[in-house]
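So this one's run.pdb, PDB, C-alpha atoms:
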ATOM      1  CA  MET A  12      17.061 121.975 -26.755
ATOM      2  CA  THR A  13      13.784 120.216 -27.528
ATOM      3  CA  LYS A  14      10.958 121.414 -29.744
ATOM      4  CA  SER A  15       8.997 122.626 -26.703
ATOM      5  CA  GLU A  16      12.030 124.559 -25.406
ATOM      6  CA  LEU A  17      12.458 126.097 -28.847
ATOM      7  CA  ILE A  18       8.801 127.152 -28.738
ATOM      8  CA  GLU A  19       9.358 128.712 -25.271
ATOM      9  CA  HIS A  20      12.287 130.753 -26.590
ATOM     10  CA  LEU A  21      10.255 131.929 -29.581
ATOM     11  CA  ILE A  22       7.352 132.917 -27.334
ATOM     12  CA  ASP A  23       9.769 135.076 -25.307
ATOM     13  CA  ALA A  24      11.208 136.597 -28.482
ATOM     14  CA  HIS A  25       7.761 137.407 -29.954
ATOM     15  CA  PRO A  26       5.638 138.764 -27.096
ATOM     16  CA  GLN A  27       3.147 140.284 -29.558
ATOM     17  CA  LEU A  28       2.123 136.788 -30.739
ATOM     18  CA  SER A  29      -0.091 134.349 -28.849
ATOM     19  CA  VAL A  30       1.304 131.054 -27.573
ATOM     20  CA  LYS A  31      -1.016 129.282 -29.992
ATOM     21  CA  ASP A  32       0.352 131.301 -32.950
ATOM     22  CA  VAL A  33       3.948 130.425 -32.065
ATOM     23  CA  GLU A  34       3.132 126.722 -31.636
ATOM     24  CA  LEU A  35       1.348 126.695 -34.990
ATOM     25  CA  ALA A  36       4.162 128.628 -36.656
ATOM     26  CA  VAL A  37       6.766 126.044 -35.567
ATOM     27  CA  LYS A  38       4.558 123.185 -36.740
ATOM     28  CA  THR A  39       3.915 124.944 -40.058
ATOM     29  CA  MET A  40       7.637 125.604 -40.652
ATOM     30  CA  LEU A  41       8.675 122.004 -39.880
ATOM     31  CA  ASP A  42       5.827 120.622 -42.027
ATOM     32  CA  HIS A  43       6.841 122.942 -44.859
ATOM     33  CA  MET A  44      10.449 121.710 -44.690
ATOM     34  CA  THR A  45       9.361 118.049 -44.557
ATOM     35  CA  GLU A  46       7.049 118.630 -47.512
ATOM     36  CA  ALA A  47       9.801 120.272 -49.592
ATOM     37  CA  LEU A  48      12.215 117.376 -49.021
ATOM     38  CA  SER A  49       9.574 114.739 -49.711
ATOM     39  CA  ASP A  50       8.839 116.517 -53.026
ATOM     40  CA  GLY A  51      12.527 116.180 -53.865
ATOM     41  CA  ASP A  52      13.266 119.894 -53.358
ATOM     42  CA  ARG A  53      16.275 121.333 -51.538
ATOM     43  CA  ILE A  54      16.070 123.732 -48.589
ATOM     44  CA  GLU A  55      18.550 126.616 -48.568
ATOM     45  CA  ILE A  56      18.865 128.766 -45.469
ATOM     46  CA  ARG A  57      21.703 131.265 -45.813
ATOM     47  CA  GLY A  58      24.145 131.181 -42.904
ATOM     48  CA  PHE A  59      22.450 128.140 -41.397
ATOM     49  CA  GLY A  60      22.842 125.467 -44.042
ATOM     50  CA  SER A  61      21.122 123.450 -46.723
ATOM     51  CA  PHE A  62      19.125 120.240 -46.777
ATOM     52  CA  SER A  63      19.094 117.983 -49.814
ATOM     53  CA  LEU A  64      18.444 114.357 -50.686
ATOM     54  CA  HIS A  65      21.205 111.812 -51.123
ATOM     55  CA  TYR A  66      20.603 108.790 -53.327
ATOM     56  CA  ARG A  67      21.197 105.304 -51.969
ATOM     57  CA  ALA A  68      21.610 102.683 -54.683
ATOM     58  CA  PRO A  69      19.636  99.440 -54.449
ATOM     59  CA  ARG A  70      21.529  96.660 -52.699
ATOM     60  CA  ILE A  71      21.132  93.152 -51.471
ATOM     61  CA  GLY A  72      20.579  93.128 -47.744
ATOM     62  CA  ARG A  73      20.492  90.157 -45.449
ATOM     63  CA  ASN A  74      18.055  89.183 -42.749
ATOM     64  CA  PRO A  75      20.416  88.950 -39.766
ATOM     65  CA  LYS A  76      18.257  86.262 -38.117
ATOM     66  CA  THR A  77      17.854  83.848 -41.029
ATOM     67  CA  GLY A  78      20.821  84.837 -43.215
ATOM     68  CA  GLU A  79      18.387  85.110 -46.123
ATOM     69  CA  SER A  80      19.125  87.655 -48.894
ATOM     70  CA  VAL A  81      16.623  90.493 -49.227
ATOM     71  CA  PRO A  82      16.694  92.935 -52.148
ATOM     72  CA  LEU A  83      16.584  96.537 -50.859
ATOM     73  CA  PRO A  84      15.290  99.083 -53.379
ATOM     74  CA  ALA A  85      17.001 102.390 -54.152
ATOM     75  CA  LYS A  86      16.023 105.197 -51.790
ATOM     76  CA  TYR A  87      16.738 108.804 -50.869
ATOM     77  CA  VAL A  88      17.872 109.980 -47.460
ATOM     78  CA  PRO A  89      17.795 113.571 -46.122
ATOM     79  CA  HIS A  90      21.187 115.235 -45.787
ATOM     80  CA  PHE A  91      22.136 118.480 -43.990
ATOM     81  CA  LYS A  92      25.185 120.532 -44.886
ATOM     82  CA  PRO A  93      25.876 123.239 -42.279
ATOM     83  CA  GLY A  94      26.535 126.714 -43.660
ATOM     84  CA  LYS A  95      29.784 128.556 -43.026
ATOM     85  CA  GLU A  96      28.438 130.766 -40.238
ATOM     86  CA  LEU A  97      26.995 127.808 -38.350
ATOM     87  CA  ARG A  98      30.188 125.776 -38.854
ATOM     88  CA  ASP A  99      32.351 128.618 -37.581
ATOM     89  CA  GLN A 100      30.165 129.370 -34.545
ATOM     90  CA  VAL A 101      30.014 125.734 -33.498
ATOM     91  CA  ASN A 102      33.750 125.321 -33.941
ATOM     92  CA  GLN A 103      34.399 128.472 -31.889
ATOM     93  CA  SER A 104      32.458 126.943 -28.998
ATOM     94  CA  LEU A 105      35.163 124.235 -28.944
ATOM     95  CA  ASP A 106      37.987 126.796 -28.921
ATOM     96  CA  GLY A 107      36.274 128.528 -26.021
ATOM     97  CA  GLU A 108      36.607 125.382 -23.900
ATOM     98  CA  VAL A 109      40.269 124.660 -24.525
TER      99      VAL A 109
ATOM    100  CA  MET B  13      14.261 121.062 -58.842
ATOM    101  CA  SER B  14      13.446 124.159 -56.797
ATOM    102  CA  SER B  15      14.668 125.286 -53.378
ATOM    103  CA  LEU B  16      12.721 126.208 -50.289
ATOM    104  CA  THR B  17      13.945 129.495 -48.777
ATOM    105  CA  LYS B  18      13.183 131.573 -45.689
ATOM    106  CA  ALA B  19      11.042 133.846 -47.880
ATOM    107  CA  ASP B  20       8.866 130.867 -48.925
ATOM    108  CA  MET B  21       8.461 129.817 -45.307
ATOM    109  CA  ALA B  22       7.496 133.349 -44.236
ATOM    110  CA  GLU B  23       4.987 133.528 -47.087
ATOM    111  CA  ARG B  24       3.239 130.416 -45.791
ATOM    112  CA  LEU B  25       3.067 131.807 -42.234
ATOM    113  CA  PHE B  26       1.477 134.917 -43.712
ATOM    114  CA  GLU B  27      -1.042 132.944 -45.801
ATOM    115  CA  GLU B  28      -1.957 130.177 -43.398
ATOM    116  CA  LEU B  29      -1.574 131.734 -39.960
ATOM    117  CA  GLY B  30      -2.351 135.320 -40.816
ATOM    118  CA  LEU B  31       0.840 136.678 -39.242
ATOM    119  CA  ASN B  32       1.651 139.990 -40.881
ATOM    120  CA  LYS B  33       4.594 139.989 -43.318
ATOM    121  CA  ARG B  34       7.040 141.468 -40.819
ATOM    122  CA  GLU B  35       6.038 139.054 -38.030
ATOM    123  CA  ALA B  36       6.254 136.107 -40.432
ATOM    124  CA  LYS B  37       9.732 137.104 -41.603
ATOM    125  CA  GLU B  38      10.956 137.645 -38.037
ATOM    126  CA  MET B  39       9.506 134.314 -36.903
ATOM    127  CA  VAL B  40      11.399 132.381 -39.603
ATOM    128  CA  GLU B  41      14.593 134.329 -38.795
ATOM    129  CA  SER B  42      14.399 133.615 -35.091
ATOM    130  CA  PHE B  43      13.475 129.964 -35.627
ATOM    131  CA  PHE B  44      16.846 129.307 -37.333
ATOM    132  CA  GLU B  45      18.636 131.772 -35.053
ATOM    133  CA  GLU B  46      17.520 129.866 -31.921
ATOM    134  CA  ILE B  47      18.672 126.547 -33.360
ATOM    135  CA  ARG B  48      21.999 128.110 -34.315
ATOM    136  CA  ALA B  49      22.440 129.693 -30.865
ATOM    137  CA  SER B  50      21.763 126.388 -29.152
ATOM    138  CA  LEU B  51      24.324 124.554 -31.302
ATOM    139  CA  ALA B  52      26.838 127.376 -30.850
ATOM    140  CA  SER B  53      26.556 126.917 -27.072
ATOM    141  CA  ASN B  54      27.265 123.205 -27.497
ATOM    142  CA  GLU B  55      23.695 122.067 -26.906
ATOM    143  CA  HIS B  56      22.202 119.673 -29.442
ATOM    144  CA  VAL B  57      18.694 120.248 -30.803
ATOM    145  CA  LYS B  58      15.932 117.639 -30.960
ATOM    146  CA  LEU B  59      12.930 118.396 -33.153
ATOM    147  CA  SER B  60      10.705 115.342 -32.831
ATOM    148  CA  GLY B  61       9.386 114.091 -36.162
ATOM    149  CA  PHE B  62      11.860 116.204 -38.135
ATOM    150  CA  GLY B  63      15.259 115.244 -36.757
ATOM    151  CA  ASN B  64      18.119 115.935 -34.379
ATOM    152  CA  PHE B  65      21.047 118.287 -34.811
ATOM    153  CA  ASP B  66      23.931 116.669 -32.921
ATOM    154  CA  LEU B  67      27.441 117.880 -32.189
ATOM    155  CA  ARG B  68      30.560 115.779 -32.616
ATOM    156  CA  ASP B  69      34.072 116.567 -31.512
ATOM    157  CA  LYS B  70      36.717 115.491 -34.022
ATOM    158  CA  ARG B  71      40.328 114.951 -32.970
ATOM    159  CA  GLN B  72      43.204 116.466 -34.865
ATOM    160  CA  ARG B  73      44.186 114.281 -37.828
ATOM    161  CA  PRO B  74      46.879 114.391 -40.479
ATOM    162  CA  GLY B  75      45.922 116.066 -43.738
ATOM    163  CA  ARG B  76      47.659 117.141 -46.897
ATOM    164  CA  ASN B  77      47.534 120.265 -48.994
ATOM    165  CA  PRO B  78      46.244 118.804 -52.258
ATOM    166  CA  LYS B  79      48.063 121.436 -54.324
ATOM    167  CA  THR B  80      51.526 121.214 -52.806
ATOM    168  CA  GLY B  81      51.385 117.701 -51.321
ATOM    169  CA  GLU B  82      52.664 119.236 -48.092
ATOM    170  CA  GLU B  83      51.507 117.566 -44.848
ATOM    171  CA  VAL B  84      49.318 119.904 -42.778
ATOM    172  CA  PRO B  85      47.519 118.732 -39.637
ATOM    173  CA  ILE B  86      43.720 119.191 -39.670
ATOM    174  CA  SER B  87      43.039 120.743 -36.289
ATOM    175  CA  ALA B  88      40.585 119.349 -33.712
ATOM    176  CA  ARG B  89      37.104 120.665 -34.427
ATOM    177  CA  ARG B  90      33.460 120.482 -33.433
ATOM    178  CA  VAL B  91      30.948 119.734 -36.200
ATOM    179  CA  VAL B  92      27.153 119.611 -36.563
ATOM    180  CA  THR B  93      25.523 116.450 -37.855
ATOM    181  CA  PHE B  94      21.851 116.013 -38.695
ATOM    182  CA  ARG B  95      19.999 112.773 -38.018
ATOM    183  CA  PRO B  96      16.612 112.773 -39.728
ATOM    184  CA  GLY B  97      13.681 111.589 -37.617
ATOM    185  CA  GLN B  98      11.515 108.585 -38.447
ATOM    186  CA  LYS B  99       8.702 110.622 -39.972
ATOM    187  CA  LEU B 100      11.013 112.636 -42.254
ATOM    188  CA  LYS B 101      12.895 109.510 -43.356
ATOM    189  CA  GLU B 102       9.664 107.735 -44.266
ATOM    190  CA  ARG B 103       8.329 110.721 -46.201
ATOM    191  CA  VAL B 104      11.574 111.065 -48.162
ATOM    192  CA  GLU B 105      11.799 107.336 -48.953
ATOM    193  CA  ALA B 106       8.365 107.619 -50.488
ATOM    194  CA  TYR B 107       9.866 110.127 -52.946
ATOM    195  CA  ALA B 108      12.197 107.387 -54.315
ATOM    196  CA  GLY B 109       9.075 105.310 -54.952
ATOM    197  CA  GLN B 110       7.520 108.119 -56.985
ATOM    198  CA  GLN B 111      10.714 108.463 -59.030
ATOM    199  CA  SER B 112      10.897 104.794 -59.998
ATOM    200  CA  ASN B 113       7.174 104.730 -60.839
ATOM    201  CA  SER B 114       7.486 107.710 -63.145
ATOM    202  CA  ALA B 115      10.489 106.085 -64.882
ATOM    203  CA  ASP B 116       8.453 102.934 -65.643
TER     204      ASP B 116
END
Let me see the structure of the file written as structure tokens.
Amino acid sequence: MTKSELIEHLIDAHPQLSVKDVELAVKTMLDHMTEALSDGDRIEIRGFGSFSLHYRAPRIGRNPKTGESVPLPAKYVPHFKPGKELRDQVNQSLDGEV
Amino acid sequence: MSSLTKADMAERLFEELGLNKREAKEMVESFFEEIRASLASNEHVKLSGFGNFDLRDKRQRPGRNPKTGEEVPISARRVVTFRPGQKLKERVEAYAGQQSNSAD
């Protein structure tokens, strides 16, 4: 499912809202989540999962072309931990196939 | 450190888009519900700019009960993984920069 397909589904589920409202709502929600993580905040959505930042220590990298050492600074990367309900539902879809 | 919740997201839809409180709450609910339904029907989700929710099938592997030391197989399973998009990764890396500046 792509973002535009997600928007289509939400338009069908919310017939009282205009297409424009739904498009803006999806953009606003994704921007809000991006903003929270880039402020160093967590996102906690019960049943779905949580997003947090994981620390990556600084390390010495290497330019694969020249073999030269390049110091890479510490950074944070986004991490998603699926919630129990999501984990169980996804795992059940596997059982359904076997 | 604070946490963003569905209530916070609904509040913003109310303030910025002028959806009424009930519409805003339902919109946030169905946003996550649609993503969950897609993943539960074995279809991955691509939200450009934010990231992709992918599905991976894991084979059965040997495990151990840490309490008893008894060998118990970990059954085959399907799991969700999240790969952040370019834009999200860049925004989050910038946070590390802020941290090291404030420590100076």
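Within the file as shown, the ChimeraX specification (/A :<6) & /B identifies Met13, Ser14, Ser15, Leu16, Thr17, Ala52, Val57, Lys58, Leu59, Arg89, Arg90, Phe94, Arg103, Val104, Glu105, Tyr107 and Ala108 of chain B.
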Export of prior selection with C-alpha atoms as a PDB file, in the coordinates of the input:
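New file result_33.pdb:
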ATOM      1  CA  MET B  13      14.261 121.062 -58.842  1.00  0.00           C
ATOM      2  CA  SER B  14      13.446 124.159 -56.797  1.00  0.00           C
ATOM      3  CA  SER B  15      14.668 125.286 -53.378  1.00  0.00           C
ATOM      4  CA  LEU B  16      12.721 126.208 -50.289  1.00  0.00           C
ATOM      5  CA  THR B  17      13.945 129.495 -48.777  1.00  0.00           C
ATOM      6  CA  ALA B  52      26.838 127.376 -30.850  1.00  0.00           C
ATOM      7  CA  VAL B  57      18.694 120.248 -30.803  1.00  0.00           C
ATOM      8  CA  LYS B  58      15.932 117.639 -30.960  1.00  0.00           C
ATOM      9  CA  LEU B  59      12.930 118.396 -33.153  1.00  0.00           C
ATOM     10  CA  ARG B  89      37.104 120.665 -34.427  1.00  0.00           C
ATOM     11  CA  ARG B  90      33.460 120.482 -33.433  1.00  0.00           C
ATOM     12  CA  PHE B  94      21.851 116.013 -38.695  1.00  0.00           C
ATOM     13  CA  ARG B 103       8.329 110.721 -46.201  1.00  0.00           C
ATOM     14  CA  VAL B 104      11.574 111.065 -48.162  1.00  0.00           C
ATOM     15  CA  GLU B 105      11.799 107.336 -48.953  1.00  0.00           C
ATOM     16  CA  TYR B 107       9.866 110.127 -52.946  1.00  0.00           C
ATOM     17  CA  ALA B 108      12.197 107.387 -54.315  1.00  0.00           C
TER      18      ALA B 108
END
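What separates CA of Thr93 in chain B from CA of Phe65 in chain B is a distance of 5.7 Å.
Counting from CA of Lys18 in chain B, the distance to CA of Gly94 in chain A is 14.4 Å.
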Next item on the list: List, as a count of residues only, every residue that the PyMOL selection byres ((chain B and resi 74) around 7) selects in the file provided.
Entry: 5
Notebook entry, point to check: Quick one, how far is CA of Arg76 in chain B from CA of Val91 in chain B?
Noted result: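 Atom-to-atom, CA of Arg76 in chain B to CA of Val91 in chain B, that is 20.0 Å.
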Note to self: Neighbouring residues of Arg34 in chain B were defined as those with any atom within 12 Å, considering all atoms listed in the file; residues of the same chain fewer than 3 positions away were excluded. Please report them as a ChimeraX atom specification.
What the structure shows: /A:25,27 /B:19,22-23,25-26,30-31,37-41
Item checked: Nearest residue to Leu83 in chain A from the set A:His65, A:Lys38, A:Lys31, A:Arg70 (distances using all atoms listed in the file) ->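 Ranked by minimum distance to Leu83 in chain A, first place goes to A:Arg70.
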Next item on the list: Go through A:Thr77, A:Pro82, A:Glu34, A:Gly72 one by one, measure the shortest atom-to-atom distance of each to Leu29 in chain B using all atoms listed in the file, and give the residue with the smallest value.
Entry: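 Among the listed residues, the smallest separation from Leu29 in chain B belongs to A:Glu34.
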Checklist line | Near-His56 in chain B list (8 Å; only C-alpha atoms; drop same-chain fewer than 4 positions) as a PyMOL selection string | finding: (chain A and resi 12) or (chain B and resi 50-51+64-67)
